[in-house]
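Heads up: the structure comes next, in structure tokens.
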Amino acid sequence: MIQVNRLLLYRNFHHQKLFDDMCFLINHYDDAGQDNEQIISMLYASVNQLIELTAAHGFQGNVWHSFLTYLLANNENAFSTACEIVGEIDGSINIAADHDFAIFKELFEFDLGKLERTLGTDCMGMLSDFRNVTSERKLFNKRIRDRIDHLAVQLAQAETVEDFHRDVVHFYKDFGVGKFGLHKAFGVQKEKGNIRITPITNVSHIHFQDLVGYELQKKKLRDNTEAFVSDHPANNCLLFGDAGTGKSSSVKALLNEYYDRGLRMIEVYKHQFEDLPKIIAQLKNRNYKFIIYMDDLSFEEFEIEYKYLKAVIEGGLEKKPDNVLIYATSNRRHLISEKYSDKEGRRDALHPSDTVQEKLSLAARFGVTIFFVSPNKQEFQNIVKALAKRQHVRMTEEELEAEANKWELSHGGLSGRTARQFIDYLLGQQAGKRS
């Protein structure tokens, strides 16, 4: 009898019912007096869920071991969250963890073939060496998936509880645990007053080498982020300037560059600013570095959400935690809409200068500001040529320049975004001719 009911730390799994059913089958498949048809029905239902979960996440190999490893990798408890990013820890919590690892080790060592031989079923063989159809469009990144598969093999081969413990902790140190360990980027949802930080599973794979030009801007952004992930003082950051110049893409590239060093990104929209304190409360005690990302940020005169943001950035009684920064992109330098009437004192403002300072004070709370300006004609052509070379566009330089000039005149003017859209158009045309 494997005493899973005595687990101390590893409880309340995301797939608790499937875990409970499998453990029941392992402990009771050969009990005298059991209704075999009910047991067999539970077995097939459990195998179905294991296969669906395995296919959705892209796991390979022993399905049962992958499932157990996924539970260990995804369970946020006092031990796992203490080990994330930092690795081995001291204290009595290790005793509780080893108690649970001993139980999990028994689950790894159980031969599922016993169920098949005893119950006369024929569905267990595929679980020992499962091969997925494709690794694309899975629920989290391929590197994490492969590492879970690797960890599953390690845990199955662990000779002692100490070996089991060491392998699990190494995973927590390298990748973290739970949703923050298994994902890069997150959104925020509000359900019945409760704030939930939810993973974004389809993240843009943008890297800095994909962004042509703007070297000084990219360096300033990377330097600030490098300091942040290195536990050095760093600033909130505002990227502002012309549309289509790569502000948002640069922030996304940070995530792909620094993810391995514990950087995670939470995307927050304007209507969610009043919930920022609750969002930050869920981040401050974790061992990751979080960037709260606000894209295309601006406020009209009648919008007051910026007041919540001002209080969080600087000015509230509670200090913003050291593992959280705010990065925003905007087409406006000062974020809040201004009018000549503000400066001229019209509209019955008693202290017009106070109105102006109120509107300017938000942008001033970003310690680093980076200006992205639209490229000139030559810079635009350089971007087009660099992208065309990278994407193997078959066209002479003269033809490329001529077509690019036509494109930008009718598709939004000179910008990196226009250049990328032009190259995508050419690639589509070339693919159409080949088909």
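Numbering starts fresh at 1 for the residues of each chain in the structure tokens, the chains themselves are lettered A, B, ... in the order given, and ligands are numbered from 1 as they appear.
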
Inset, instruction - With a distance cut-off of 12 Å and only C-alpha atoms, select the neighbouring residues of A:Lys190, excluding the residue or stretch itself and same-chain residues fewer than 3 positions from it, and output the selection as a list in words. - result: Gly187, Gly193, Asn194, Ile195, Arg196, Ile197, Thr198, Val268, His271, Gln272, Glu274, Asp275, Leu276, Lys278 and Ile279 of chain A

Legend entry - All residues 12 Å or closer to A:Leu255, only C-alpha atoms, same chain fewer than 2 positions away omitted, as a PyMOL selection string: chain A and resi 183-186+203-208+221-222+225-226+229+248-253+257-267+289-293+327

Legend entry - Point-to-point distance from atom CA of A:His65 to atom CA of A:Phe130, Å rounded to tenths: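 Taking atom CA of A:His65 as the start and atom CA of A:Phe130 as the end point, the length is 11.1 Å.
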
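Every protein, DNA or RNA residue with an atom at most 7 Å from A:Val63, where only C-alpha atoms count and chain neighbours fewer than 5 positions away do not, is listed here: Leu50, Thr54, Leu127, Ser128 and Phe130 of chain A.
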
Legend entry - Contacts of A:Glu162 at 9 Å (only C-alpha atoms; same-chain gap of 5+ positions) as a list in words: Asp98, Phe101 and Asp167 of chain A

Inset, instruction - Using only C-alpha atoms, find the one residue out of A:Leu239, A:Leu43, A:Leu254, A:Leu283 that sits nearest to A:Gly120. - result: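 Ranked by minimum distance to A:Gly120, first place goes to A:Leu43.
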
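Every protein, DNA or RNA residue with an atom at most 7 Å from A:Gly367, where only C-alpha atoms count and chain neighbours fewer than 3 positions away do not, is listed here: Asn235, Asn236 and Cys237 of chain A.
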
Expected file: the selected residues, N, CA and C atoms, as an mmCIF file, in the first residue's frame:
```
data_model
loop_
_atom_site.group_PDB
_atom_site.id
_atom_site.type_symbol
_atom_site.label_atom_id
_atom_site.label_comp_id
_atom_site.auth_asym_id
_atom_site.auth_seq_id
_atom_site.Cartn_x
_atom_site.Cartn_y
_atom_site.Cartn_z
ATOM 1 N N ASN A 235 15.811 50.726 -12.834
ATOM 2 C CA ASN A 235 14.714 51.686 -12.886
ATOM 3 C C ASN A 235 13.516 51.161 -13.660
ATOM 4 N N ASN A 236 12.344 51.688 -13.341
ATOM 5 C CA ASN A 236 11.201 51.529 -14.226
ATOM 6 C C ASN A 236 11.541 52.190 -15.558
ATOM 7 N N CYS A 237 10.960 51.692 -16.635
ATOM 8 C CA CYS A 237 11.417 52.106 -17.961
ATOM 9 C C CYS A 237 10.233 52.486 -18.852
#
```

Inset, instruction - Tell me which protein, DNA and RNA residues are within 12 Å of A:Gln378, counting only C-alpha atoms, leaving out same-chain ones fewer than 2 positions away, and put them as an NGL selection string. - result: :A and (213 or 374-376 or 380-385 or 401 or 404-405 or 414-415)

Inset, instruction - Find, counting only C-alpha atoms, the residue in A:Lys105, A:Lys310, A:Arg286, A:Arg11 that gets nearest to A:Ala156. - result: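 So, comparing all the options, the nearest one is A:Lys105.
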